[in-house]
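Each remark here refers to the structure printed beneath this line.
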Amino acid sequence: MTEKERILLLRQQLNEHNRRYYVENNPIISDQEYDLMMHELQDLEARHPEMYDASSPTLHVGSDLKAPRQLSLFGDENTPAEPIDGFRKVVHRYPMLSLANTYNREDIEEWYGQVSRGLNGEPFDVCCELKYDGLSISLTYRNGQMVQAVTRGDGVQGDDVTENVKYIKQIAQQLPPGNYPQEFEVRGEVLLPWKDFEELQEERAEWGEPAFANPRNAASGTLKLQLVKNPQKTKDKTKNDHIRISLGHLDAYLYYLLGDNVSGDTHKERIEQCAAWGLKTGESTTLAHTLDDVMSFIEHWDTARKEYRVATDGVVLKVNSISQQQRLGYTAKSPRWAIAYKYKAERARTRLLNVTYQVGRTGAITPVANMEPVQLAGTKVKRATLNNEDFIRSFNLHEGDYVYIEKGGEIIPKIVGVDEESRSEEASPIRFITVCPECGTPLRRMEGEAAHYCPNDSGCPPQIKGRIEHFISRKAMNIESLGPETVDEYFEKGLISNIADLYTLTVEQINSEGNKEKSASKIIQAIESSKAVPFERVVFALGIRMVGETTAKLLARHFKNIDALRHATAEELIEVEGIGDIVAASVVAYFNDEKNNAIVDRLIEYGLQMQIEATEQIGNVLEGKSIVVSGKFFRHDRKDYENRIIEMYGGKRSSSISAKTSFILAGADMGPSKLKKAQQLGIPIVSEDEFLEMIGESN
């Protein structure tokens, strides 16, 4: 795999991990593994500036959705990811930024030195706080009353959870009389104490609801439960009761104050003001005057946090002076005046019972270690992913081994070592399976990849259901009324066996028992509405291996229609900017399969969008020119320039800068990386007014 292909793969994987962790609350890797992937991508992108892409995860503001394609601080070309559906979306008055984080103390020393240099050696204090493992929240108070509560979302907009927050006892709904501004915003973390987590788990078991994986997932999932409006049925009233009880378990710590009329020259003073007004703030905040003080705080809480009443995974360090914070400013992703230090994961020893194997939607086989239950980081752990055959071999795992496990980021259990001295002499090595555990097909391992795959994509049930679930997902066809459980039910009943079968479903089939007519009609309507989804998302929805959301857009915009795409050769695919050998081979293999082509033919027949809407050319002044668009515009919408106007005058829009770029159409707040790259290559920068004059629209 070339470095350019590795860049594309890492972007796709990181965006998927972002979605799993912050949208689905179902992460599959640890924070540390995520950060290692991110650092690798940053290094590769630095070596290949020609691969610049505004939607790269390296350019995004972090979030409690950490979702793909977030807005940068400069508001340039990134499209914000949508927060969780079902709540009203609210744009933050002040963007909610993420913090740079580290796992080693050398980085803390480096950060401390950078702050000192940034302040030209001026003395400064650091406010040291615990890093709570919960869900970020922003609360707005007006005349002492809490009037709005919004989650971080994508850092630019979040979910309005005001009604749910009213049931959290630790969040003051009305402040007592005091000397506070008429309006201010305070930010913090909604979380679930260990004791309440255990009680909530027991209650959910009594209600017949699945257990949460950990306190953070519990806090996030609970805060985003939706109360039934105007409940008439007993079951709806019961549901609301359960939600209110669950919300009552939540707690909150507030740690940042904002507002036009907020007083206080230091961060610590402002937090102390919050506490004086009746708001709950962290008890552990300490002011450090030296680097040694900072390290002492980190050292103390490395042990003390294990007895703390809520989950913590590190500490947060902030320059105390507000004026010094303002002078230090921000990077594209985070403030320079703050950093998060994360502790090493807690470790436990337990016995490996056996290894089972799961099949993903692409046919990838994931081995899973089943172990004797052991308490770790506040929860009971009995399963851990083993990644692939190479991972198993690297530990020389044997049956019945005693293994060491950690919870990366206090969330994902992972085997990190083996106690070989305790191994039985009769124990046999774990042998990776050779056939699919679901359908019995011999497994394959593609060159250059670590995972084994089941090639029976048309007859292996987990793959079939997985592809259908991908097809209906929000980023793909967005068929909201369907979900994994419904897909599983329809598959087991024989109603669907591939994605095209969705468009043959009828109300009568779904409502076979006679009591689901209303929901059945809603599902059919949602399926019908999906026929209007644009072509680039249809390409993504097909589930072609190695073709993520961004790659699907590149392919759709280059080939314009499905027939051109499915008849493209590997050589023609590689000509597309950003497409390498591996992706090209995967696309060719997909369309060389007769079964896949038959499904595509059916989708065409059912009326899905299989081409990009043609743009009528009205001039040729841009003929032969490759144009990159960057920044914010005022005369036309940015998307109009990208998707319509450039093509109307014969030009070609490119997503990344290269020696072939004719010029950059630059609006306000042009991306700094693009500007630097353009200067290096001597590529002209054209303003919006100059461009409009060029095409004859200067008036």
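Going by the structure tokens order, chains are called A, B, ..., each with residues numbered from 1, while ligands are numbered from 1 in the order shown.
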(message) Neighbouring residues of Lys677 of chain A were defined as those with any atom within 10 Å, considering only C-alpha atoms; residues of the same chain fewer than 4 positions away were excluded. Please report them as an NGL selection string.
(response) :A and (49-50 or 52 or 656-658 or 672-673 or 681-683)
(request) Skip Arg336 of chain A itself and residues of its chain fewer than 5 positions away, then list as an NGL selection string all residues within 8 Å of it, counting only C-alpha atoms. (result) :A and (115 or 325 or 328-331)
How would the residues just picked look written out with C-alpha atoms as a PDB file, in the first residue's frame?
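Listed below is the output, part30.pdb:
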ATOM      1  CA  VAL A 115       3.202  28.453  26.783  1.00  0.00           C
ATOM      2  CA  GLN A 325      -5.294  32.760  27.292  1.00  0.00           C
ATOM      3  CA  LEU A 328      -1.889  32.498  23.374  1.00  0.00           C
ATOM      4  CA  GLY A 329      -4.923  31.968  21.127  1.00  0.00           C
ATOM      5  CA  TYR A 330      -5.850  28.816  19.230  1.00  0.00           C
ATOM      6  CA  THR A 331      -4.688  26.308  16.663  1.00  0.00           C
TER       7      THR A 331
END
Within 7 Å of segment 225-249 of chain A, which residues of segment 185-212 of chain A come that close, and what is the closest atom pair and distance in Å for each? Count only C-alpha atoms and give it as CSV.
residue,atom,partner,partner_atom,distance
A:Leu192,CA,A:His249,CA,6.7
A:Asp196,CA,A:His249,CA,5.7
A:Leu200,CA,A:Ser246,CA,6.7
Can you write just those residues out, N, CA and C atoms, as a compact mmCIF listing (two decimals), in the first residue's frame?
# COMPACT_ATOMS: atom_id res chain seq x y z
N LEU A 192 -22.21 10.03 35.11
CA LEU A 192 -22.94 9.10 35.96
C LEU A 192 -21.99 8.54 37.00
N ASP A 196 -24.43 5.24 41.07
CA ASP A 196 -25.65 5.38 40.28
C ASP A 196 -25.61 4.52 39.03
N LEU A 200 -28.51 2.02 38.10
CA LEU A 200 -29.20 2.14 36.81
C LEU A 200 -29.13 0.84 36.03
Hey, what's within 10 Å of Ala500 of chain A if we count only C-alpha atoms and toss same-chain stuff fewer than 6 positions away? As a tab-separated table (two decimals) with N, CA, C and O atoms, in the first residue's frame, please?
chain	number	residue	atom	x	y	z
A	468	ILE	N	-27.23	-4.29	4.21
A	468	ILE	CA	-28.53	-3.63	4.23
A	468	ILE	C	-28.56	-2.54	5.30
A	468	ILE	O	-29.06	-1.43	5.07
A	471	PHE	N	-26.71	0.35	3.97
A	471	PHE	CA	-27.49	0.99	2.91
A	471	PHE	C	-28.53	1.95	3.47
A	471	PHE	O	-28.74	3.04	2.94
A	598	ALA	N	-26.64	-7.17	-11.00
A	598	ALA	CA	-28.08	-7.44	-11.04
A	598	ALA	C	-28.82	-6.58	-10.02
A	598	ALA	O	-29.91	-6.06	-10.29
A	599	ILE	N	-28.21	-6.41	-8.84
A	599	ILE	CA	-28.82	-5.56	-7.81
A	599	ILE	C	-28.84	-4.11	-8.27
A	599	ILE	O	-29.84	-3.40	-8.11
A	600	VAL	N	-27.74	-3.64	-8.86
A	600	VAL	CA	-27.69	-2.27	-9.37
A	600	VAL	C	-28.75	-2.06	-10.44
A	600	VAL	O	-29.43	-1.02	-10.48
A	601	ASP	N	-28.90	-3.04	-11.33
A	601	ASP	CA	-29.94	-2.94	-12.37
A	601	ASP	C	-31.33	-2.79	-11.75
A	601	ASP	O	-32.16	-2.01	-12.23
A	602	ARG	N	-31.58	-3.52	-10.70
A	602	ARG	CA	-32.87	-3.41	-10.02
A	602	ARG	C	-33.05	-2.03	-9.39
A	602	ARG	O	-34.13	-1.44	-9.45
A	603	LEU	N	-31.99	-1.51	-8.78
A	603	LEU	CA	-32.07	-0.19	-8.18
A	603	LEU	C	-32.35	0.88	-9.23
A	603	LEU	O	-33.10	1.84	-8.98
A	604	ILE	N	-31.76	0.72	-10.40
A	604	ILE	CA	-32.05	1.64	-11.51
A	604	ILE	C	-33.52	1.55	-11.88
A	604	ILE	O	-34.22	2.56	-12.05
A	605	GLU	N	-34.01	0.31	-11.99
A	605	GLU	CA	-35.41	0.07	-12.36
A	605	GLU	C	-36.37	0.69	-11.34
A	605	GLU	O	-37.42	1.22	-11.70
A	606	TYR	N	-35.98	0.65	-10.05
A	606	TYR	CA	-36.87	1.15	-9.01
A	606	TYR	C	-36.82	2.68	-8.87
A	606	TYR	O	-37.56	3.25	-8.08
(message) Using DSSP secondary structure from the backbone, list all strand (DSSP E or B) positions within segment 124-236 of chain A, as a PyMOL selection string.
(response) chain A and resi 126-132+135-142+145-151+157-160+174+183-191
(request) Per DSSP on the backbone, filter segment 553-676 of chain A down to the residues in helix (DSSP H, G or I) and report them as a PyMOL selection string. (result) chain A and resi 553-559+562-566+570-574+581-592+594-605+638-648+672-676
(message) Taking only C-alpha atoms into account, name the residue in A:Tyr308, A:Tyr103, A:Tyr453, A:Tyr490 that is nearest to Ala340 of chain A.
(response) A:Tyr103
(request) Measuring atom to atom with only C-alpha atoms, identify which of A:Ile464, A:Thr366, A:Glu426, A:Lys344 is nearest to Arg105 of chain A. (result)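 Closest to Arg105 of chain A, using only C-alpha atoms: A:Lys344.
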(request) Determine, counting only C-alpha atoms, which protein, DNA and RNA residues have an atom within 10 Å of an atom of Leu554 of chain A; residues of the same chain fewer than 4 positions away are not included. Present the result as a list in words. (result)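 Contacts, with the query itself left out: Glu536, Val547, Glu549, Thr550, His558, Phe559, Lys560, Val576, Glu577, Gly578, Ile579, Ser654 and Ser655 of chain A.
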Near Gly259 of chain A, counting only C-alpha atoms, which residues have an atom at most 8 Å away, once you skip same-chain residues fewer than 6 positions from it, shown as a PDB file with all heavy atoms, in the first residue's frame?
ATOM      1  N   GLU A 183     -27.123  37.477  31.641  1.00  0.00           N
ATOM      2  CA  GLU A 183     -27.045  36.250  30.828  1.00  0.00           C
ATOM      3  C   GLU A 183     -25.604  35.771  30.795  1.00  0.00           C
ATOM      4  O   GLU A 183     -24.677  36.557  30.642  1.00  0.00           O
ATOM      5  CB  GLU A 183     -27.548  36.498  29.406  1.00  0.00           C
ATOM      6  CG  GLU A 183     -27.551  35.238  28.538  1.00  0.00           C
ATOM      7  CD  GLU A 183     -28.221  35.448  27.185  1.00  0.00           C
ATOM      8  OE1 GLU A 183     -29.185  36.238  27.121  1.00  0.00           O
ATOM      9  OE2 GLU A 183     -27.784  34.819  26.205  1.00  0.00           O
ATOM     10  N   PHE A 184     -25.424  34.481  30.961  1.00  0.00           N
ATOM     11  CA  PHE A 184     -24.087  33.898  30.855  1.00  0.00           C
ATOM     12  C   PHE A 184     -24.225  32.435  30.441  1.00  0.00           C
ATOM     13  O   PHE A 184     -25.309  31.845  30.498  1.00  0.00           O
ATOM     14  CB  PHE A 184     -23.307  34.019  32.165  1.00  0.00           C
ATOM     15  CG  PHE A 184     -23.892  33.249  33.325  1.00  0.00           C
ATOM     16  CD1 PHE A 184     -23.550  31.925  33.557  1.00  0.00           C
ATOM     17  CD2 PHE A 184     -24.793  33.869  34.188  1.00  0.00           C
ATOM     18  CE1 PHE A 184     -24.090  31.224  34.625  1.00  0.00           C
ATOM     19  CE2 PHE A 184     -25.337  33.169  35.261  1.00  0.00           C
ATOM     20  CZ  PHE A 184     -24.987  31.844  35.480  1.00  0.00           C
ATOM     21  N   GLU A 185     -23.095  31.865  30.017  1.00  0.00           N
ATOM     22  CA  GLU A 185     -23.053  30.460  29.604  1.00  0.00           C
ATOM     23  C   GLU A 185     -22.009  29.747  30.445  1.00  0.00           C
ATOM     24  O   GLU A 185     -20.916  30.271  30.664  1.00  0.00           O
ATOM     25  CB  GLU A 185     -22.691  30.369  28.121  1.00  0.00           C
ATOM     26  CG  GLU A 185     -22.688  28.964  27.540  1.00  0.00           C
ATOM     27  CD  GLU A 185     -22.391  28.958  26.050  1.00  0.00           C
ATOM     28  OE1 GLU A 185     -22.654  29.985  25.385  1.00  0.00           O
ATOM     29  OE2 GLU A 185     -21.884  27.935  25.555  1.00  0.00           O
TER      30      GLU A 185
END
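If you look at atom CA of Lys493 of chain A and atom CA of Tyr590 of chain A, they are 27.5 Å away from each other.
Reported to one decimal place, the separation of atom CA of Phe391 of chain A from atom CA of Tyr34 of chain A is 17.3 Å.
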Quick one: residues within 8 Å of Leu505 of chain A, only C-alpha atoms counted, chain neighbours fewer than 3 positions away excluded, as an mmCIF file with all heavy atoms, in the first residue's frame?
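In the end it all went to around20.cif:
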data_model
loop_
_atom_site.group_PDB
_atom_site.id
_atom_site.type_symbol
_atom_site.label_atom_id
_atom_site.label_comp_id
_atom_site.auth_asym_id
_atom_site.auth_seq_id
_atom_site.Cartn_x
_atom_site.Cartn_y
_atom_site.Cartn_z
ATOM 1 N N LEU A 495 -38.343 -11.689 3.815
ATOM 2 C CA LEU A 495 -38.875 -10.554 3.054
ATOM 3 C C LEU A 495 -37.784 -9.844 2.265
ATOM 4 O O LEU A 495 -38.050 -9.264 1.210
ATOM 5 C CB LEU A 495 -39.553 -9.553 3.998
ATOM 6 C CG LEU A 495 -40.752 -10.063 4.804
ATOM 7 C CD1 LEU A 495 -41.306 -8.947 5.679
ATOM 8 C CD2 LEU A 495 -41.832 -10.577 3.858
ATOM 9 N N ASP A 501 -34.226 -5.581 -2.454
ATOM 10 C CA ASP A 501 -35.507 -6.124 -1.987
ATOM 11 C C ASP A 501 -36.284 -5.127 -1.142
ATOM 12 O O ASP A 501 -37.508 -5.253 -0.986
ATOM 13 C CB ASP A 501 -35.269 -7.397 -1.165
ATOM 14 C CG ASP A 501 -34.831 -8.571 -2.025
ATOM 15 O OD1 ASP A 501 -35.018 -8.507 -3.255
ATOM 16 O OD2 ASP A 501 -34.299 -9.542 -1.454
ATOM 17 N N LEU A 502 -35.602 -4.124 -0.581
ATOM 18 C CA LEU A 502 -36.298 -3.109 0.219
ATOM 19 C C LEU A 502 -37.373 -2.410 -0.605
ATOM 20 O O LEU A 502 -38.431 -2.039 -0.084
ATOM 21 C CB LEU A 502 -35.303 -2.068 0.742
ATOM 22 C CG LEU A 502 -34.307 -2.539 1.796
ATOM 23 C CD1 LEU A 502 -33.203 -1.504 1.985
ATOM 24 C CD2 LEU A 502 -35.023 -2.798 3.123
ATOM 25 N N GLN A 509 -47.055 -6.980 3.530
ATOM 26 C CA GLN A 509 -45.998 -7.885 3.992
ATOM 27 C C GLN A 509 -45.531 -7.521 5.395
ATOM 28 O O GLN A 509 -45.385 -8.380 6.269
ATOM 29 C CB GLN A 509 -44.805 -7.828 3.030
ATOM 30 C CG GLN A 509 -45.027 -8.530 1.704
ATOM 31 C CD GLN A 509 -43.832 -8.368 0.790
ATOM 32 O OE1 GLN A 509 -43.283 -7.276 0.653
ATOM 33 N NE2 GLN A 509 -43.420 -9.455 0.152
ATOM 34 N N ILE A 510 -45.312 -6.237 5.608
ATOM 35 C CA ILE A 510 -44.818 -5.780 6.910
ATOM 36 C C ILE A 510 -45.883 -5.956 7.984
ATOM 37 O O ILE A 510 -45.599 -6.321 9.127
ATOM 38 C CB ILE A 510 -44.379 -4.304 6.822
ATOM 39 C CG1 ILE A 510 -43.218 -4.164 5.823
ATOM 40 C CG2 ILE A 510 -43.958 -3.779 8.196
ATOM 41 C CD1 ILE A 510 -42.823 -2.730 5.547
ATOM 42 N N ILE A 524 -42.711 2.204 4.429
ATOM 43 C CA ILE A 524 -42.811 2.216 2.970
ATOM 44 C C ILE A 524 -42.606 3.625 2.432
ATOM 45 O O ILE A 524 -41.939 3.826 1.401
ATOM 46 C CB ILE A 524 -44.170 1.645 2.510
ATOM 47 C CG1 ILE A 524 -44.293 0.165 2.910
ATOM 48 C CG2 ILE A 524 -44.347 1.812 1.004
ATOM 49 C CD1 ILE A 524 -43.206 -0.727 2.327
#
(message) I'd like to know which of A:Pro442, A:Pro181, A:Gly543, A:Gly400 is closest to Ser263 of chain A, using only C-alpha atoms.
(response) A:Pro181
(request) Tell me which of A:Arg6, A:Lys333, A:Arg88, A:His267 sits closest to Thr58 of chain A, counting only C-alpha atoms. (result)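 Distance minimum relative to Thr58 of chain A lands on A:Lys333.
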(request) Figure out the distance between atom CA of Phe491 of chain A and atom CA of Thr441 of chain A, please, to one decimal in Å. (result)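 Taking atom CA of Thr441 of chain A and atom CA of Phe491 of chain A, their separation equals 20.2 Å.
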(request) Would you kindly return, as a VMD selection string, each protein, DNA or RNA residue with an atom no farther than 8 Å from any atom of segment 122-137 of chain A, considering only C-alpha atoms and excluding same-chain residues fewer than 2 positions away? (result) chain A and resid 64 116 119 to 120 139 149 to 152 187 to 192 215 to 217 219 to 220 267 to 268 282 284 to 290 294 297 310 to 321 340
